[in-house]
Structures are given as C-alpha cells and as structure tokens.
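Trainee: As input, take coords.csv (CSV, C-alpha atoms and all ligand atoms):
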chain,number,residue,atom,x,y,z
E,2,MET,CA,5.9,-9.7,-7.7
E,3,ARG,CA,4.7,-8.7,-11.1
E,4,VAL,CA,4.2,-5.0,-11.9
E,5,ASP,CA,2.6,-3.7,-15.1
E,6,ILE,CA,2.7,0.0,-16.0
E,7,ILE,CA,0.6,1.5,-18.8
E,8,SER,CA,1.7,5.0,-19.8
E,9,ILE,CA,2.2,7.3,-22.8
E,10,PHE,CA,5.8,7.8,-21.4
E,11,PRO,CA,7.1,4.3,-20.8
E,12,GLU,CA,10.6,5.7,-21.1
E,13,TYR,CA,9.9,7.6,-17.9
E,14,PHE,CA,10.6,4.4,-16.0
E,15,ALA,CA,14.2,3.9,-17.1
E,16,PRO,CA,15.2,4.6,-13.4
E,17,LEU,CA,13.6,1.3,-12.5
E,18,ASP,CA,16.5,-0.5,-14.2
E,19,VAL,CA,19.0,0.7,-11.7
E,20,SER,CA,19.8,0.5,-7.9
E,21,LEU,CA,17.7,-1.6,-5.6
E,22,VAL,CA,14.7,-2.1,-7.9
E,23,GLY,CA,17.0,-2.9,-10.8
E,24,LYS,CA,18.8,-5.6,-8.8
E,25,ALA,CA,15.5,-7.0,-7.6
E,26,ARG,CA,14.5,-7.4,-11.3
E,27,GLU,CA,17.8,-9.0,-12.2
E,28,ARG,CA,17.3,-11.5,-9.3
E,29,GLY,CA,13.7,-12.3,-10.4
E,30,ILE,CA,12.2,-10.9,-7.2
E,31,LEU,CA,10.4,-8.3,-9.2
E,32,GLU,CA,9.1,-8.4,-12.8
E,33,ILE,CA,8.2,-5.0,-14.4
E,34,ARG,CA,6.4,-4.9,-17.7
E,35,LEU,CA,6.0,-1.5,-19.5
E,36,HIS,CA,3.2,-0.8,-22.0
E,37,GLN,CA,2.8,2.1,-24.4
E,38,LEU,CA,-0.9,3.3,-24.1
E,39,ARG,CA,-0.8,4.6,-27.6
E,40,ASP,CA,-0.4,1.0,-28.9
E,41,TRP,CA,-4.1,0.6,-28.4
E,42,THR,CA,-5.1,3.7,-30.4
E,43,ARG,CA,-6.6,3.3,-33.9
E,44,ASP,CA,-6.1,6.7,-35.5
E,45,VAL,CA,-3.1,7.9,-37.3
E,46,HIS,CA,-2.3,10.5,-34.7
E,47,LYS,CA,-2.5,7.8,-31.9
E,48,THR,CA,-4.9,10.1,-29.9
E,49,VAL,CA,-5.4,9.3,-26.3
E,50,ASP,CA,-7.3,12.4,-25.1
E,51,ASP,CA,-10.3,14.6,-25.9
E,52,THR,CA,-12.0,17.7,-24.5
E,53,PRO,CA,-13.8,17.4,-21.2
E,54,TYR,CA,-17.6,17.1,-21.1
E,55,GLY,CA,-19.0,20.2,-19.3
E,56,GLY,CA,-16.2,22.3,-20.5
E,57,GLY,CA,-13.2,23.5,-18.6
E,58,PRO,CA,-9.4,23.6,-19.2
E,59,GLY,CA,-7.2,20.9,-20.5
E,60,MET,CA,-8.0,17.5,-21.9
E,61,VAL,CA,-9.3,14.2,-20.5
E,62,MET,CA,-7.8,10.7,-21.3
E,63,LYS,CA,-10.3,8.6,-23.4
E,64,PRO,CA,-11.9,5.6,-21.7
E,65,GLU,CA,-11.9,3.4,-24.8
E,66,ILE,CA,-8.1,3.4,-25.1
E,67,TRP,CA,-7.5,2.7,-21.4
E,68,GLY,CA,-10.2,0.0,-21.4
E,69,GLU,CA,-8.5,-1.9,-24.3
E,70,ALA,CA,-5.1,-1.5,-22.8
E,71,ILE,CA,-6.1,-2.7,-19.3
E,72,ASP,CA,-8.1,-5.6,-20.7
E,73,ALA,CA,-5.1,-6.7,-22.8
E,74,VAL,CA,-2.8,-6.6,-19.7
E,75,ILE,CA,-5.3,-8.4,-17.5
E,76,ALA,CA,-5.7,-11.1,-20.1
E,77,GLN,CA,-2.0,-11.9,-19.7
E,78,ALA,CA,-2.9,-13.5,-16.3
E,79,GLY,CA,0.2,-14.2,-14.3
E,80,PRO,CA,0.9,-15.0,-10.6
E,81,ALA,CA,-2.6,-14.1,-9.7
E,82,ALA,CA,-5.9,-14.2,-11.5
E,83,SER,CA,-6.1,-10.4,-11.6
E,84,PRO,CA,-3.9,-7.5,-10.5
E,85,ARG,CA,-4.5,-4.8,-7.9
E,86,MET,CA,-5.0,-1.7,-10.0
E,87,ILE,CA,-3.3,1.5,-8.6
E,88,VAL,CA,-4.3,4.8,-10.0
E,89,PRO,CA,-2.0,7.7,-9.0
E,90,THR,CA,-4.2,10.8,-8.7
E,91,PRO,CA,-4.1,14.1,-6.7
E,92,SER,CA,-7.6,13.2,-5.4
E,93,GLY,CA,-6.4,9.8,-4.1
E,94,ARG,CA,-5.9,8.7,-0.5
E,95,PRO,CA,-2.4,9.5,0.9
E,96,PHE,CA,0.2,6.9,0.0
E,97,THR,CA,2.1,6.1,3.2
E,98,GLN,CA,4.5,3.5,4.5
E,99,GLU,CA,1.5,1.5,5.6
E,100,THR,CA,0.2,1.6,2.0
E,101,ALA,CA,3.5,0.5,0.8
E,102,ILE,CA,3.5,-2.5,3.2
E,103,GLU,CA,0.0,-3.3,2.0
E,104,PHE,CA,0.9,-3.2,-1.6
E,105,ALA,CA,4.1,-5.3,-1.0
E,106,GLU,CA,1.8,-8.2,-0.1
E,107,GLU,CA,0.3,-8.3,-3.6
E,108,PRO,CA,1.5,-10.8,-6.2
E,109,TRP,CA,0.5,-8.4,-9.1
E,110,LEU,CA,0.2,-4.7,-9.3
E,111,LEU,CA,-1.1,-2.7,-12.4
E,112,PHE,CA,-0.3,1.0,-12.5
E,113,THR,CA,-2.3,3.4,-14.7
E,114,PRO,CA,-0.6,6.8,-14.5
E,115,ALA,CA,-2.5,9.6,-16.1
E,116,ARG,CA,-1.5,12.8,-18.0
E,117,TYR,CA,-3.6,15.9,-19.0
E,118,GLU,CA,-6.5,16.4,-16.5
E,119,GLY,CA,-6.7,12.7,-15.7
E,120,ILE,CA,-8.5,9.6,-17.0
E,121,ASP,CA,-12.2,9.5,-17.8
E,122,SER,CA,-13.7,8.5,-14.4
E,123,ARG,CA,-15.7,5.6,-15.9
E,124,VAL,CA,-12.4,3.7,-16.2
E,125,ALA,CA,-11.9,3.4,-12.4
E,126,ALA,CA,-15.6,2.6,-12.0
E,127,GLU,CA,-15.5,-0.1,-14.7
E,128,TYR,CA,-12.6,-1.9,-13.2
E,129,GLY,CA,-13.6,-1.2,-9.6
E,130,SER,CA,-16.4,-3.7,-10.2
E,131,ARG,CA,-13.9,-6.4,-11.2
E,132,LEU,CA,-10.6,-5.6,-9.5
E,133,ARG,CA,-9.3,-4.0,-6.3
E,134,VAL,CA,-8.7,-0.4,-7.5
E,135,ASP,CA,-6.8,2.1,-5.3
E,136,GLU,CA,-6.6,5.8,-6.1
E,137,VAL,CA,-3.6,7.1,-4.2
E,138,SER,CA,-1.7,10.4,-4.0
E,139,ILE,CA,2.0,10.7,-3.1
E,140,GLY,CA,1.5,14.3,-1.8
E,141,ASP,CA,-0.3,17.6,-1.8
E,142,TYR,CA,1.5,19.2,-4.7
E,143,VAL,CA,0.9,19.5,-8.4
E,144,LEU,CA,2.6,17.0,-10.8
E,145,ALA,CA,2.3,17.0,-14.6
E,146,GLY,CA,1.3,13.3,-14.5
E,147,GLY,CA,1.2,10.1,-12.5
E,148,GLU,CA,4.5,8.6,-13.8
E,149,ALA,CA,6.6,10.3,-11.0
E,150,ALA,CA,4.2,8.9,-8.4
E,151,VAL,CA,4.5,5.4,-9.9
E,152,LEU,CA,8.3,5.6,-9.6
E,153,VAL,CA,8.0,6.6,-5.9
E,154,ILE,CA,5.5,3.8,-5.2
E,155,VAL,CA,7.4,1.1,-7.0
E,156,GLU,CA,10.6,2.0,-5.1
E,157,ALA,CA,8.8,2.2,-1.7
E,158,VAL,CA,7.1,-1.2,-2.4
E,159,GLY,CA,10.0,-2.9,-4.1
E,160,ARG,CA,12.4,-2.3,-1.2
E,161,LEU,CA,10.0,-4.1,1.1
E,162,LEU,CA,10.0,-7.4,-0.9
E,163,PRO,CA,11.8,-10.3,0.8
E,164,GLY,CA,15.4,-10.5,-0.3
E,165,VAL,CA,15.7,-7.0,-1.8
E,166,LEU,CA,17.3,-5.2,1.2
E,167,GLY,CA,20.6,-6.8,2.3
E,168,ASN,CA,19.9,-6.2,6.0
E,169,ALA,CA,16.3,-7.1,6.9
E,170,ARG,CA,16.6,-4.9,10.0
E,171,SER,CA,16.8,-1.8,7.8
E,172,VAL,CA,13.1,-2.1,7.0
E,173,ALA,CA,12.2,-2.4,10.6
E,174,ASP,CA,14.3,0.7,11.4
E,175,ASP,CA,12.7,2.8,8.7
E,176,SER,CA,11.0,6.0,9.4
E,177,PHE,CA,7.3,5.3,9.7
E,178,ALA,CA,7.9,1.5,10.0
E,179,PRO,CA,5.5,-0.2,12.4
E,180,GLY,CA,7.0,-0.9,15.8
E,181,PRO,CA,8.9,1.2,18.4
E,182,MET,CA,10.1,3.6,15.7
E,183,ALA,CA,6.6,4.0,14.2
E,184,ASN,CA,5.8,7.6,13.3
E,185,LEU,CA,9.3,8.7,14.3
E,186,LEU,CA,11.6,10.3,11.8
E,187,GLU,CA,15.1,8.7,11.5
E,188,GLY,CA,17.7,10.5,13.5
E,189,PRO,CA,21.2,11.6,12.3
E,190,VAL,CA,23.6,9.1,10.9
E,191,TYR,CA,27.5,9.1,10.9
E,192,THR,CA,30.4,7.1,9.4
E,193,LYS,CA,34.2,7.4,9.3
E,194,PRO,CA,36.2,9.6,9.7
E,195,PRO,CA,35.6,10.3,13.4
E,196,VAL,CA,36.4,14.0,12.8
E,197,TRP,CA,35.6,15.8,9.6
E,198,ARG,CA,36.4,19.5,9.1
E,199,GLY,CA,36.6,19.8,12.9
E,200,ARG,CA,33.2,18.2,13.4
E,201,GLU,CA,33.2,15.2,15.6
E,202,VAL,CA,30.9,12.1,15.6
E,203,PRO,CA,28.7,12.1,18.8
E,204,GLU,CA,30.8,10.3,21.5
E,205,ILE,CA,28.0,7.9,22.5
E,206,LEU,CA,28.2,6.3,19.0
E,207,LEU,CA,31.8,5.4,19.6
E,208,SER,CA,31.1,4.0,23.1
E,209,GLY,CA,30.2,0.4,22.1
E,210,HIS,CA,27.4,0.6,24.6
E,211,HIS,CA,24.5,-0.7,22.5
E,212,GLY,CA,21.8,0.0,25.0
E,213,LYS,CA,22.8,3.6,25.5
E,214,ILE,CA,23.3,4.0,21.7
E,215,ALA,CA,19.7,2.7,21.0
E,216,ARG,CA,18.3,5.1,23.6
E,217,TRP,CA,20.3,8.0,22.2
E,218,ARG,CA,19.1,7.2,18.6
E,219,ARG,CA,15.5,7.0,19.8
E,220,ASP,CA,15.9,10.4,21.6
E,221,GLN,CA,17.4,12.0,18.6
E,222,ALA,CA,14.6,10.6,16.4
E,223,LEU,CA,12.0,12.0,18.9
E,224,ARG,CA,13.8,15.4,18.9
E,225,ARG,CA,13.9,15.5,15.1
E,226,THR,CA,10.2,14.5,14.9
E,227,LEU,CA,9.2,17.2,17.3
E,228,GLU,CA,11.2,19.7,15.3
E,229,LYS,CA,10.2,18.8,11.8
E,230,ARG,CA,6.8,16.9,12.1
E,231,PRO,CA,5.3,17.8,15.5
E,232,GLU,CA,1.9,16.5,14.3
E,233,LEU,CA,3.4,12.9,14.3
E,234,VAL,CA,4.3,13.1,17.9
E,235,ALA,CA,0.6,13.0,18.9
E,236,ARG,CA,0.3,9.6,17.2
E,237,LEU,CA,3.2,8.1,19.2
E,238,ASP,CA,2.6,5.1,21.4
E,239,PRO,CA,4.3,6.1,24.7
E,240,ALA,CA,4.6,2.4,25.6
E,241,GLY,CA,6.4,1.8,22.3
E,242,LEU,CA,8.9,4.6,22.9
E,243,ASP,CA,10.6,2.8,25.8
E,244,LYS,CA,10.4,-0.7,24.2
E,245,ASP,CA,14.2,-0.4,23.5
E,246,ASP,CA,14.8,0.6,27.1
E,247,ARG,CA,13.2,-2.6,28.3
E,248,LYS,CA,15.4,-4.6,25.9
E,249,ILE,CA,18.5,-2.7,27.0
Y,301,LIG,C1,-2.7,14.2,-14.7
Y,301,LIG,O1,-2.2,13.1,-13.9
Y,301,LIG,C2,-1.8,13.4,-12.7
Y,301,LIG,C3,-1.6,14.7,-12.3
Y,301,LIG,C4,-1.1,15.0,-11.0
Y,301,LIG,C5,-0.9,13.9,-10.1
Y,301,LIG,N1,-0.4,14.0,-8.8
Y,301,LIG,C6,-0.3,12.8,-8.2
Y,301,LIG,C7,0.1,12.6,-6.8
Y,301,LIG,O2,0.2,11.4,-6.4
Y,301,LIG,O3,0.3,13.6,-6.1
Y,301,LIG,S1,-0.7,11.6,-9.2
Y,301,LIG,C8,-1.1,12.6,-10.5
Y,301,LIG,C9,-1.5,12.4,-11.8
Output the file's structure as structure tokens, nothing else.
Mentor:
Amino acid sequence: MRVDIISIFPEYFAPLDVSLVGKARERGILEIRLHQLRDWTRDVHKTVDDTPYGGGPGMVMKPEIWGEAIDAVIAQAGPAASPRMIVPTPSGRPFTQETAIEFAEEPWLLFTPARYEGIDSRVAAEYGSRLRVDEVSIGDYVLAGGEAAVLVIVEAVGRLLPGVLGNARSVADDSFAPGPMANLLEGPVYTKPPVWRGREVPEILLSGHHGKIARWRRDQALRRTLEKRPELVARLDPAGLDKDDRKI
C-alpha cells in the first residue's frame, strides 16, 4: 500500500517511523510519502489560507494551493491509476473498524488533513468528480487540525495489512472486528507473575481448558461492553455470541 499525506506540518508524522507502521515501511508492506503543502505556494510568505467568504471566525485553506498539490501527487501514479482521497473533518462520517478494513483494501490512499477552519469546499467537490473521496471523522471532539486523525487512521489501517501483525488471529480478536467478537469490547488481559501485589490472575486462565477460557473471555467482554458501551449490546448478534460455545 502507498500512502501520500499532504500537510503544512509533515513533521507531525514522525511517529509513523516507529512501531508497527515503521516496521511495515521497513519491510516494504507500506510506503508513506509526505508532502509540504507550502511547496506549492507562490508568494514569499507561502500563504495557504485566506478569510472566509460570508465572514465568520478563522481562516479557510485556499483551493488553488491544494489543487496544485493534489494534482502533483496524483500525477505520480503508482500502484493504481488514482488514489482514494481521505479528508479528515469533524463533519465527516464516523471512522470505524469497518472503515479501516475498507481502506486497508486500497492500493493507494491520499490524505489531505486541514488546519484553520478547513479546506475550501470546492476541493472535495473537484476531486469527488475524479476520485473516490471520503470525508471521515475520528470522533466528536474538537481537534486543531486533521493531522492527528491521519495518524490514527494510518495506524488502524496499517496494522490490518497482510504481514504487519505477527499473529493473524490478533486482528480477528480485535474489539469491533467482524465475527463472534464484533461490537464487543476486549475483556481484561493478564500475564506473569500469577500474583502481583496480592492480586491473583483469574484461575480459569491457568486451567488450560481452552473451551472454558474462550467462554470466560467472551463473558468478560460482554460484561465490559454492557458496563462501558451499552449501546453496542443492542447490535450484538445473539447467534454470534455462542459461536465459540459450539466450537468448544
Ligand atoms: C481544521 O481541520 C480539522 C479540525 C478538526 C478536525 N477533527 C477531525 C476529526 O476527525 O474529528 S479531523 C479535523 C480537521
């Protein structure tokens, strides 16, 4: 997968050099190209924003600069004729694990994180007629720009790429992953020592009885989901809940 990110803060993406995403890049599973939006400005101050038509607070990012930057990146056609363009925005559709799975199928993603009050709306309209353009939000809170959202999305997508996670089952066991654990939060996890500051690991986990352990883990996940995200319980597939039981 190739990922292009156009931003006025390319240094914001240094974290993509480390951990899982960093290793995926080293192994050639993921290629990330960063672009400084200001490289396409033509004034001495490298201006990328201007006052909003109709008045109101803040500034809006200029369409000309974004247009030239996006055209230049698209012209560097790579694994696919054109990228899927992802615009992080508070007014986007919610980014979920399903969205991550969908994006992980793409050979080429282009991210256009905004700053200020956002990008002139004609940019998404212009490229929406030529590319698949997704406006997505990582959550209902206020960020200063889209870069943090891109970091979240690239990590959520990158870890799904074949060969990135050591144990393929980890993806299947994820919270929100499709299948019997879909819409269930992950339950508690434990490792050595068996007793820590007087606190013991649940005995069932030391029993070696895999069927009972699977059932206990699913029950703990259900308990945690009921406690922290009761609204997800309504979406559960009751038949899916006992799939492990049938396997046991
Ligand atoms: C100005 O650019 C922004 C501002 C807030 C914001 N919030 C996002 C989110 O995904 O929640 S993306 C994003 C972009």
Trainee: To check your reading of the model: which residues sit at most 7 Å from ligand LIG 301 (chain Y) when counting all atoms listed in the file? Write the answer as a list of chain:residue names.
Mentor: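 After applying the 7 Å limit, what remains is E:Pro89, E:Thr90, E:Pro91, E:Pro114, E:Ala115, E:Arg116, E:Tyr117, E:Glu118, E:Gly119, E:Val137, E:Ser138, E:Ile139, E:Gly140, E:Asp141, E:Tyr142, E:Val143, E:Leu144, E:Ala145, E:Gly146, E:Gly147, E:Ala150.
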Trainee: Closest to Glu232 in chain E among E:Leu186, E:Val151, E:Val172, E:Ile214, using all atoms listed in the file?
Mentor: E:Leu186
Trainee: Mind pulling up the distance from CA of Val190 in chain E to CA of Arg224 in chain E?
Mentor: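 Value for the CA of Arg224 in chain E-CA of Val190 in chain E distance: 14.1 Å.
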Trainee: Nearest residue to Val153 in chain E out of E:Val45, E:Val22, E:Ala73, E:Ala125, using all atoms listed in the file?
Mentor: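 Nearest to Val153 in chain E: E:Val22.
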Trainee: Using all atoms listed in the file, pick whichever of E:Gly188, E:Pro195, E:Gly23, E:Gly79 has the shortest atom-to-atom distance to Trp217 in chain E.
Mentor: E:Gly188
Trainee: List the neighbours of Val124 in chain E out to 9 Å using all atoms listed in the file; skip same-chain residues closer than 3 positions along the sequence, and give me the result as a list in words.
Mentor: Lys63, Pro64, Glu65, Trp67, Gly68, Ile120, Asp121, Glu127, Tyr128 and Gly129 of chain E
Trainee: Smallest atom-to-atom distance to Glu99 in chain E: which of E:Ser176, E:Gln221, E:Thr226, E:Ser208, using all atoms listed in the file?
Mentor: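 Once distances to Glu99 in chain E are computed over all atoms listed in the file, the minimum belongs to E:Ser176.
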